[in-house]
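K.L.:
Below is one structure. I have some questions about it.
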Protein chains: 2
Amino acid sequence: MNPSPSRPRIAVDAMGGDFGPHVVVPGAVQAARREQYDLLLVGDEPRIAAELSKLDTRGIVVRIVHATQVADMHDKPSEALRKKKDSSIQVCCNLVRGEQADGLISAGNTGVVLACSLFTLGRLEGVDRPALVTILPTERSPCVLVDAGANVDCKAINLMQFGIMADVMSRVLLGCQEPRVALLSNGEEEGKGNQLVKEAFDLFKHCSLNFVGNIEGRDIFTGEVDVVVCDGFVGNVAIKQAEGLASSLGRLLKGELRRGFFAKIGTTLALSALKRFSRLMDYAEYGGAPLLGLNGTVIVSHGASNQKAIANAVDMAGKLVRKDTAHLLKEGLAANKDFALYTKRTAQAG
Amino acid sequence: MNPSPSRPRIAVDAMGGDFGPHVVVPGAVQAARREQYDLLLVGDEPRIAAELSKLDTRGIVVRIVHATQVADMHDKPSEALRKKKDSSIQVCCNLVRGEQADGLISAGNTGVVLACSLFTLGRLEGVDRPALVTILPTERSPCVLVDAGANVDCKAINLMQFGIMADVMSRVLLGCQEPRVALLSNGEEEGKGNQLVKEAFDLFKHCSLNFVGNIEGRDIFTGEVDVVVCDGFVGNVAIKQAEGLASSLGRLLKGELRRGFFAKIGTTLALSALKRFSRLMDYAEYGGAPLLGLNGTVIVSHGASNQKAIANAVDMAGKLVRKDTAHLLKEGLAANKDFALYTKRTAQAG
């Protein structure tokens, strides 16, 4: 355990993402200088050192940890686990497991990050499957959506655990006092939903969360709830659709810019309003999605992450460590432990 | 069979929707006058007659068919089937079944419309489950999405049949020559998706459709495909999310209108661009969603339908009848019949 959690040590997969050390190293250093984190930059030492030499690293502790391999976008998670035991992703996981780092971020192959971290760090007690949490903009405060894509086929108990963990994220990352937790469904009434959602509804009704029932797709962006729970298939489709629709509307508005003087001024303003909204949908704004449910803080960043996105991802990892999120997660899971065990027994008996 | 399909006879559930005959009757008459349809207005005769008396019905054939009951939004489909055998929805279905009408539209309780039409009209050969098709705007031509919410839990063969039917809709309603058909998934590559999508991918690869693979949520609105296939849970969440996001963005842009003169003019123009786009997302534009796979043309309209929406729904029914969609659907299903049987046998053997 880090003796000084006020100065979190973040392992950064310097080889991850579309741009590698050239973008990851300055992004990590930017966050470390701003928020006082110690960095472990993991990957090809000469390349990382070359990038570091261009930067001002006064006042921060930076260590390079050499890794001889890189897991790329074409690697299958199972093969990467077997054949790339010295990949930068794997070494990051080892550092967290060995308590040399308090958290890690990677913009590498998401499947490989999921597999390595699950295999190396193991799951928190009370978690059957880790899940990805993402932050979405709404007309009021941002909300969190879980699972953003880690588990495409889920059971009701998985959704329940996702909800418990996302509730903690809403408190820690967004400062929400008593998050309103909802299931994403095809109708608001109890009894609406596919088989999975109907079963999950019964679990949520009886747990310790502030469960407010089902919401429909149209209610995600009004800001009426703080935590949206769904399986990773639905969550992934929903997030990407929202990104896509915002981009399409932006392009259509830009088309208006050709329409003359008044239009130009006003449309520019309208576009800036659209941007304010869709910026929050932009991965760069938060930098990454926490992978929850592991013995360790893991942030998965977008492959296309720019320097700002990497800085924000490192910052998210640091924030989660500083706020002792691991402890809060364990508390949340423990509060529903008997309940979860009860449902498990019932399911086995049934 | 109607001896003159050039003059389709449309049964209209005059009691359906939030506003009943007051909106449905003028909407239906508007469409009938415009496009030369014969109308059978089904429901409470005095109320329908009172609405009709306010309208100019010269040149069209309108008949009132009395129904003593109304299925409201609180009726469970199974109960409505049993206890409301003379509901306006049920009578519409009876008229189509008895070949006194060529198609029907209802803005009533969707679950009841689905149940009554399935029970009364039966399924087309080669269809295990009827599905709702909806039209979505894109940056280029509109696309169709199936299933919009009729089936929350599906098997791969259901998705396959949905695709075959939606392909026909794309041709008939949108004039698409060779629709590009895609599965909605969490990644483009083959092998991405939940269990359902992975199994469906294998079926689509071998069928007669122009299958272009998986698309992600972000690709729905760029217009790269003409037919998007998913289960009714995912489809419903996706459609409602798109509606909700467009509304949220509209409200945010309207907030800009307070910012001064130039902004006012330009933002108004930008809003009109947004409106042009989201109009297509508006149920009023197409009026309803065809329920495909039945022995008969059935259009399900939004409960909040206004007069324009009803007129467009009647028009959609008329168009489907005129273009002999039933025949085209049968052809499409027949072309994949051996294949469907083959997969069924394989599934049973496996």
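Every chain in the structure tokens has a letter given in the order shown (A, B, ...), and although residue numbers restart at 1 in each chain, ligands are simply numbered from 1 in the order shown.
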At a cut-off of 10 Å, using only C-alpha atoms, what residues contact Val181 of chain B? Leave out same-chain residues fewer than 3 positions from it and give the result as a PyMOL selection string.
P.N.:
chain B and resi 143-145+163-164+166-167+170+178+184+204+209-215+224-229
K.L.:
Since we have the selection now, will you write its residues out, keeping N, CA, C and O atoms, as a CSV table (one decimal), in the first residue's frame?
P.N.:
```
chain,number,residue,atom,x,y,z
B,143,CYS,N,-33.1,5.8,-43.3
B,143,CYS,CA,-33.0,4.3,-43.2
B,143,CYS,C,-34.1,3.7,-42.4
B,143,CYS,O,-34.9,4.5,-41.8
B,144,VAL,N,-34.3,2.4,-42.5
B,144,VAL,CA,-35.3,1.8,-41.7
B,144,VAL,C,-34.6,1.0,-40.6
B,144,VAL,O,-33.5,0.4,-40.8
B,145,LEU,N,-35.2,1.0,-39.5
B,145,LEU,CA,-34.7,0.2,-38.3
B,145,LEU,C,-35.8,-0.8,-37.9
B,145,LEU,O,-37.0,-0.5,-37.8
B,163,GLY,N,-35.0,-8.8,-41.0
B,163,GLY,CA,-34.1,-8.2,-42.1
B,163,GLY,C,-34.8,-8.4,-43.4
B,163,GLY,O,-34.8,-7.4,-44.2
B,164,ILE,N,-35.3,-9.5,-43.7
B,164,ILE,CA,-35.9,-9.8,-45.0
B,164,ILE,C,-37.1,-8.9,-45.2
B,164,ILE,O,-37.3,-8.3,-46.2
B,166,ALA,N,-37.7,-6.0,-43.6
B,166,ALA,CA,-37.3,-4.5,-43.6
B,166,ALA,C,-36.7,-4.2,-44.9
B,166,ALA,O,-36.8,-3.0,-45.4
B,167,ASP,N,-36.0,-5.1,-45.6
B,167,ASP,CA,-35.5,-4.9,-46.9
B,167,ASP,C,-36.6,-4.5,-47.9
B,167,ASP,O,-36.4,-3.6,-48.7
B,170,SER,N,-37.7,-1.0,-47.1
B,170,SER,CA,-36.8,0.0,-47.7
B,170,SER,C,-37.0,0.3,-49.1
B,170,SER,O,-37.0,1.4,-49.6
B,178,GLU,N,-31.2,-1.3,-53.9
B,178,GLU,CA,-30.7,-2.6,-53.3
B,178,GLU,C,-30.2,-2.2,-51.9
B,178,GLU,O,-29.0,-1.9,-51.6
B,184,LEU,N,-27.0,-4.2,-36.0
B,184,LEU,CA,-26.5,-3.2,-35.0
B,184,LEU,C,-25.7,-4.0,-33.9
B,184,LEU,O,-26.2,-4.9,-33.3
B,204,PHE,N,-27.2,-14.1,-41.6
B,204,PHE,CA,-27.2,-13.0,-42.6
B,204,PHE,C,-26.2,-13.2,-43.7
B,204,PHE,O,-26.4,-12.9,-44.8
B,209,LEU,N,-30.0,-11.4,-48.8
B,209,LEU,CA,-30.0,-9.9,-48.7
B,209,LEU,C,-28.6,-9.4,-49.0
B,209,LEU,O,-27.6,-10.1,-49.0
B,210,ASN,N,-28.5,-8.1,-49.2
B,210,ASN,CA,-27.3,-7.4,-49.4
B,210,ASN,C,-26.7,-7.0,-48.1
B,210,ASN,O,-26.8,-5.9,-47.6
B,211,PHE,N,-26.2,-8.1,-47.4
B,211,PHE,CA,-25.7,-7.9,-46.0
B,211,PHE,C,-24.4,-7.3,-46.0
B,211,PHE,O,-23.4,-7.8,-46.6
B,212,VAL,N,-24.2,-6.2,-45.3
B,212,VAL,CA,-22.9,-5.5,-45.2
B,212,VAL,C,-22.2,-5.6,-43.9
B,212,VAL,O,-21.2,-4.9,-43.7
B,213,GLY,N,-22.7,-6.5,-43.0
B,213,GLY,CA,-22.0,-6.7,-41.8
B,213,GLY,C,-22.6,-5.9,-40.6
B,213,GLY,O,-23.7,-5.5,-40.6
B,214,ASN,N,-21.8,-5.8,-39.5
B,214,ASN,CA,-22.2,-5.1,-38.3
B,214,ASN,C,-22.0,-3.6,-38.5
B,214,ASN,O,-21.1,-3.2,-39.2
B,215,ILE,N,-22.9,-2.8,-37.9
B,215,ILE,CA,-22.6,-1.4,-37.7
B,215,ILE,C,-22.7,-1.1,-36.3
B,215,ILE,O,-23.4,-1.7,-35.5
B,224,GLU,N,-24.8,5.2,-44.1
B,224,GLU,CA,-24.1,4.2,-44.8
B,224,GLU,C,-24.8,2.9,-45.0
B,224,GLU,O,-24.4,2.2,-45.9
B,225,VAL,N,-25.9,2.7,-44.3
B,225,VAL,CA,-26.7,1.5,-44.5
B,225,VAL,C,-28.2,2.0,-44.6
B,225,VAL,O,-28.6,3.0,-44.2
B,226,ASP,N,-29.0,1.1,-45.2
B,226,ASP,CA,-30.4,1.4,-45.5
B,226,ASP,C,-31.3,0.6,-44.5
B,226,ASP,O,-32.4,1.1,-44.3
B,227,VAL,N,-30.8,-0.5,-44.0
B,227,VAL,CA,-31.6,-1.3,-43.1
B,227,VAL,C,-30.8,-1.6,-41.8
B,227,VAL,O,-29.7,-2.2,-42.0
B,228,VAL,N,-31.3,-1.3,-40.7
B,228,VAL,CA,-30.6,-1.6,-39.4
B,228,VAL,C,-31.4,-2.6,-38.7
B,228,VAL,O,-32.6,-2.4,-38.4
B,229,VAL,N,-30.8,-3.8,-38.4
B,229,VAL,CA,-31.5,-4.9,-37.7
B,229,VAL,C,-31.1,-5.0,-36.3
B,229,VAL,O,-29.8,-5.1,-36.0
```
K.L.:
Name all residues at most 10 Å from segment 27-40 of chain A (count only C-alpha atoms; drop same-chain ones fewer than 6 positions away) and give them as a ChimeraX atom specification.
P.N.:
/A:5-14,21,52,55-66,92,95,100-102,104-105,305-319
K.L.:
Would you pick out the contacts of Thr297 of chain B at 8 Å or less, using only C-alpha atoms, so that residues sharing its chain but fewer than 2 positions from it are not included, and give the list as a list of chain:residue names?
P.N.:
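My list of contacting residues is B:Asp102, B:Gly103, B:Leu104, B:Pro290, B:Leu291, B:Leu292, B:Leu294, B:Asn295, B:Ile299, B:Ala317, B:Leu320, B:Val321, B:Ala326.
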K.L.:
Output all heavy atoms for every residue in the selection just made, as a PDB file, in the first residue's frame.
P.N.:
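Writing done, so here's part-v9.pdb:
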```
ATOM      1  N   ASP B 102     -58.403  -3.331 -46.692  1.00  0.00           N
ATOM      2  CA  ASP B 102     -57.104  -3.809 -47.203  1.00  0.00           C
ATOM      3  C   ASP B 102     -55.977  -3.581 -46.200  1.00  0.00           C
ATOM      4  O   ASP B 102     -54.892  -4.141 -46.337  1.00  0.00           O
ATOM      5  CB  ASP B 102     -56.762  -3.101 -48.507  1.00  0.00           C
ATOM      6  CG  ASP B 102     -57.825  -3.344 -49.553  1.00  0.00           C
ATOM      7  OD1 ASP B 102     -58.119  -4.524 -49.831  1.00  0.00           O
ATOM      8  OD2 ASP B 102     -58.395  -2.361 -50.058  1.00  0.00           O
ATOM      9  N   GLY B 103     -56.245  -2.710 -45.228  1.00  0.00           N
ATOM     10  CA  GLY B 103     -55.227  -2.422 -44.231  1.00  0.00           C
ATOM     11  C   GLY B 103     -55.855  -1.655 -43.097  1.00  0.00           C
ATOM     12  O   GLY B 103     -57.005  -1.209 -43.199  1.00  0.00           O
ATOM     13  N   LEU B 104     -55.134  -1.557 -41.983  1.00  0.00           N
ATOM     14  CA  LEU B 104     -55.686  -0.815 -40.852  1.00  0.00           C
ATOM     15  C   LEU B 104     -54.608   0.048 -40.215  1.00  0.00           C
ATOM     16  O   LEU B 104     -53.412  -0.253 -40.309  1.00  0.00           O
ATOM     17  CB  LEU B 104     -56.268  -1.779 -39.809  1.00  0.00           C
ATOM     18  CG  LEU B 104     -55.315  -2.598 -38.937  1.00  0.00           C
ATOM     19  CD1 LEU B 104     -54.922  -1.860 -37.650  1.00  0.00           C
ATOM     20  CD2 LEU B 104     -55.979  -3.933 -38.578  1.00  0.00           C
ATOM     21  N   PRO B 290     -45.009   0.341 -39.656  1.00  0.00           N
ATOM     22  CA  PRO B 290     -45.661  -0.871 -40.150  1.00  0.00           C
ATOM     23  C   PRO B 290     -45.334  -2.046 -39.227  1.00  0.00           C
ATOM     24  O   PRO B 290     -44.193  -2.194 -38.799  1.00  0.00           O
ATOM     25  CB  PRO B 290     -45.020  -1.102 -41.523  1.00  0.00           C
ATOM     26  CG  PRO B 290     -44.349   0.178 -41.886  1.00  0.00           C
ATOM     27  CD  PRO B 290     -43.997   0.852 -40.595  1.00  0.00           C
ATOM     28  N   LEU B 291     -46.351  -2.821 -38.919  1.00  0.00           N
ATOM     29  CA  LEU B 291     -46.140  -4.060 -38.174  1.00  0.00           C
ATOM     30  C   LEU B 291     -46.084  -5.171 -39.222  1.00  0.00           C
ATOM     31  O   LEU B 291     -47.096  -5.507 -39.831  1.00  0.00           O
ATOM     32  CB  LEU B 291     -47.282  -4.289 -37.192  1.00  0.00           C
ATOM     33  CG  LEU B 291     -47.200  -5.566 -36.345  1.00  0.00           C
ATOM     34  CD1 LEU B 291     -45.953  -5.576 -35.482  1.00  0.00           C
ATOM     35  CD2 LEU B 291     -48.441  -5.692 -35.459  1.00  0.00           C
ATOM     36  N   LEU B 292     -44.897  -5.693 -39.434  1.00  0.00           N
ATOM     37  CA  LEU B 292     -44.673  -6.607 -40.558  1.00  0.00           C
ATOM     38  C   LEU B 292     -44.719  -8.067 -40.150  1.00  0.00           C
ATOM     39  O   LEU B 292     -44.285  -8.429 -39.066  1.00  0.00           O
ATOM     40  CB  LEU B 292     -43.303  -6.336 -41.170  1.00  0.00           C
ATOM     41  CG  LEU B 292     -43.113  -4.968 -41.792  1.00  0.00           C
ATOM     42  CD1 LEU B 292     -41.710  -4.862 -42.339  1.00  0.00           C
ATOM     43  CD2 LEU B 292     -44.136  -4.740 -42.889  1.00  0.00           C
ATOM     44  N   LEU B 294     -47.596 -10.044 -40.789  1.00  0.00           N
ATOM     45  CA  LEU B 294     -48.973 -10.493 -40.595  1.00  0.00           C
ATOM     46  C   LEU B 294     -49.666 -10.687 -41.947  1.00  0.00           C
ATOM     47  O   LEU B 294     -49.244 -10.107 -42.949  1.00  0.00           O
ATOM     48  CB  LEU B 294     -49.748  -9.462 -39.789  1.00  0.00           C
ATOM     49  CG  LEU B 294     -49.230  -9.197 -38.379  1.00  0.00           C
ATOM     50  CD1 LEU B 294     -49.887  -7.958 -37.810  1.00  0.00           C
ATOM     51  CD2 LEU B 294     -49.486 -10.423 -37.497  1.00  0.00           C
ATOM     52  N   ASN B 295     -50.747 -11.427 -41.929  1.00  0.00           N
ATOM     53  CA  ASN B 295     -51.579 -11.523 -43.119  1.00  0.00           C
ATOM     54  C   ASN B 295     -52.468 -10.300 -43.204  1.00  0.00           C
ATOM     55  O   ASN B 295     -53.673 -10.357 -42.960  1.00  0.00           O
ATOM     56  CB  ASN B 295     -52.442 -12.788 -43.057  1.00  0.00           C
ATOM     57  CG  ASN B 295     -51.649 -14.029 -43.386  1.00  0.00           C
ATOM     58  OD1 ASN B 295     -50.975 -14.086 -44.407  1.00  0.00           O
ATOM     59  ND2 ASN B 295     -51.712 -15.014 -42.501  1.00  0.00           N
ATOM     60  N   ILE B 299     -50.665  -0.657 -39.510  1.00  0.00           N
ATOM     61  CA  ILE B 299     -49.787   0.452 -39.152  1.00  0.00           C
ATOM     62  C   ILE B 299     -50.074   0.868 -37.709  1.00  0.00           C
ATOM     63  O   ILE B 299     -51.214   1.137 -37.352  1.00  0.00           O
ATOM     64  CB  ILE B 299     -50.015   1.683 -40.072  1.00  0.00           C
ATOM     65  CG1 ILE B 299     -49.911   1.306 -41.553  1.00  0.00           C
ATOM     66  CG2 ILE B 299     -49.060   2.818 -39.710  1.00  0.00           C
ATOM     67  CD1 ILE B 299     -48.548   0.895 -42.027  1.00  0.00           C
ATOM     68  N   ALA B 317     -50.370   3.191 -44.986  1.00  0.00           N
ATOM     69  CA  ALA B 317     -51.145   1.965 -45.195  1.00  0.00           C
ATOM     70  C   ALA B 317     -51.561   1.857 -46.660  1.00  0.00           C
ATOM     71  O   ALA B 317     -51.418   0.805 -47.297  1.00  0.00           O
ATOM     72  CB  ALA B 317     -52.366   1.951 -44.278  1.00  0.00           C
ATOM     73  N   LEU B 320     -48.617   0.981 -48.932  1.00  0.00           N
ATOM     74  CA  LEU B 320     -48.215  -0.428 -48.819  1.00  0.00           C
ATOM     75  C   LEU B 320     -49.193  -1.329 -49.581  1.00  0.00           C
ATOM     76  O   LEU B 320     -48.784  -2.300 -50.220  1.00  0.00           O
ATOM     77  CB  LEU B 320     -48.145  -0.860 -47.350  1.00  0.00           C
ATOM     78  CG  LEU B 320     -47.029  -0.228 -46.520  1.00  0.00           C
ATOM     79  CD1 LEU B 320     -47.048  -0.748 -45.087  1.00  0.00           C
ATOM     80  CD2 LEU B 320     -45.650  -0.489 -47.147  1.00  0.00           C
ATOM     81  N   VAL B 321     -50.483  -0.982 -49.530  1.00  0.00           N
ATOM     82  CA  VAL B 321     -51.484  -1.785 -50.252  1.00  0.00           C
ATOM     83  C   VAL B 321     -51.301  -1.604 -51.762  1.00  0.00           C
ATOM     84  O   VAL B 321     -51.246  -2.576 -52.519  1.00  0.00           O
ATOM     85  CB  VAL B 321     -52.917  -1.387 -49.831  1.00  0.00           C
ATOM     86  CG1 VAL B 321     -53.948  -2.064 -50.730  1.00  0.00           C
ATOM     87  CG2 VAL B 321     -53.145  -1.743 -48.360  1.00  0.00           C
ATOM     88  N   ALA B 326     -47.649  -7.011 -49.567  1.00  0.00           N
ATOM     89  CA  ALA B 326     -47.848  -8.371 -49.059  1.00  0.00           C
ATOM     90  C   ALA B 326     -47.175  -9.381 -49.985  1.00  0.00           C
ATOM     91  O   ALA B 326     -46.485 -10.306 -49.533  1.00  0.00           O
ATOM     92  CB  ALA B 326     -49.336  -8.672 -48.947  1.00  0.00           C
TER      93      ALA B 326
END
```
K.L.:
When you look at Arg123 of chain B with a cut-off of 10 Å (counting only C-alpha atoms), what residues show up, excluding the ones that are within fewer than 5 positions of it in the same chain? I need them as a PyMOL selection string.
P.N.:
chain B and resi 117-118+128-130+292-296
K.L.:
Pick from A:Val42, A:Ile239, A:Ile48, A:Val133: nearest to chain B, with only C-alpha atoms counted?
P.N.:
A:Ile239
K.L.:
Give the alpha helix (DSSP H) residues of segment 8-53 of chain A, as DSSP finds them on the backbone, and put them as a list of chain:residue names.
P.N.:
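So, restricting segment 8-53 of chain A to alpha helix (DSSP H), we get A:Pro21, A:His22, A:Val23, A:Val24, A:Val25, A:Pro26, A:Gly27, A:Ala28, A:Val29, A:Gln30, A:Ala31, A:Ala32, A:Arg33, A:Arg34, A:Glu35, A:Glu45, A:Pro46, A:Arg47, A:Ile48, A:Ala49, A:Ala50, A:Glu51, A:Leu52.
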K.L.:
Generate a file of the selected residues that holds C-alpha atoms, formatted as a compact mmCIF listing (two decimals), in the first residue's frame.
P.N.:
```
# COMPACT_ATOMS: atom_id res chain seq x y z
CA PRO A 21 4.72 7.59 -26.26
CA HIS A 22 4.66 10.74 -28.41
CA VAL A 23 1.22 11.62 -27.01
CA VAL A 24 0.97 9.48 -23.87
CA VAL A 25 4.17 10.69 -22.20
CA PRO A 26 3.45 14.45 -22.44
CA GLY A 27 -0.18 13.82 -21.44
CA ALA A 28 0.86 11.91 -18.33
CA VAL A 29 3.48 14.49 -17.38
CA GLN A 30 0.92 17.29 -17.82
CA ALA A 31 -1.44 15.62 -15.32
CA ALA A 32 1.35 14.73 -12.90
CA ARG A 33 2.62 18.31 -12.77
CA ARG A 34 -0.88 19.72 -12.40
CA GLU A 35 -2.11 17.38 -9.69
CA GLU A 45 12.60 2.70 -22.44
CA PRO A 46 14.56 4.54 -25.18
CA ARG A 47 11.39 5.88 -26.81
CA ILE A 48 9.91 6.98 -23.50
CA ALA A 49 13.20 8.56 -22.44
CA ALA A 50 13.39 10.44 -25.74
CA GLU A 51 9.91 11.88 -25.19
CA LEU A 52 10.65 12.70 -21.56
```
K.L.:
Applying 6 Å and only C-alpha atoms, which residues near segment 76-84 of chain A remain after dropping the ones on its own chain fewer than 2 positions away? List them as a list in words.
P.N.:
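Final neighbour list, sorted by chain and number: Asp86, Ser87, Gly111, Val112 and Ala115 of chain A.
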K.L.:
Do you have the atom CA of Met165 of chain B-atom CA of Pro137 of chain B distance handy?
P.N.:
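Distance between the two atoms: 19.3 Å.
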K.L.:
Report, in Å with one decimal, the straight-line distance from atom CA of Ala107 of chain A to atom CA of Gly303 of chain A.
P.N.:
5.0 Å
K.L.:
I need the residues in segment 99-263 of chain B that are strand (DSSP E) according to DSSP; give them as a list in words.
P.N.:
Gly103, Leu104, Ile105, Ser106, Ala131, Leu132, Val133, Thr134, Ile135, Leu136, Cys143, Val144, Leu145, Val146, Val181, Ala182, Leu183, Leu184, Phe211, Val212, Gly213, Asn214, Ile215, Val227, Val228 and Val229 of chain B
K.L.:
If we count only C-alpha atoms and set the cut-off at 10 Å, which residues sit around segment 188-202 of chain B, ignoring sequence neighbours fewer than 4 positions away in its own chain? Please answer as a ChimeraX atom specification.
P.N.:
/A:151-154,231-234 /B:153-160,182-184,206-207,211-216,219,229-231
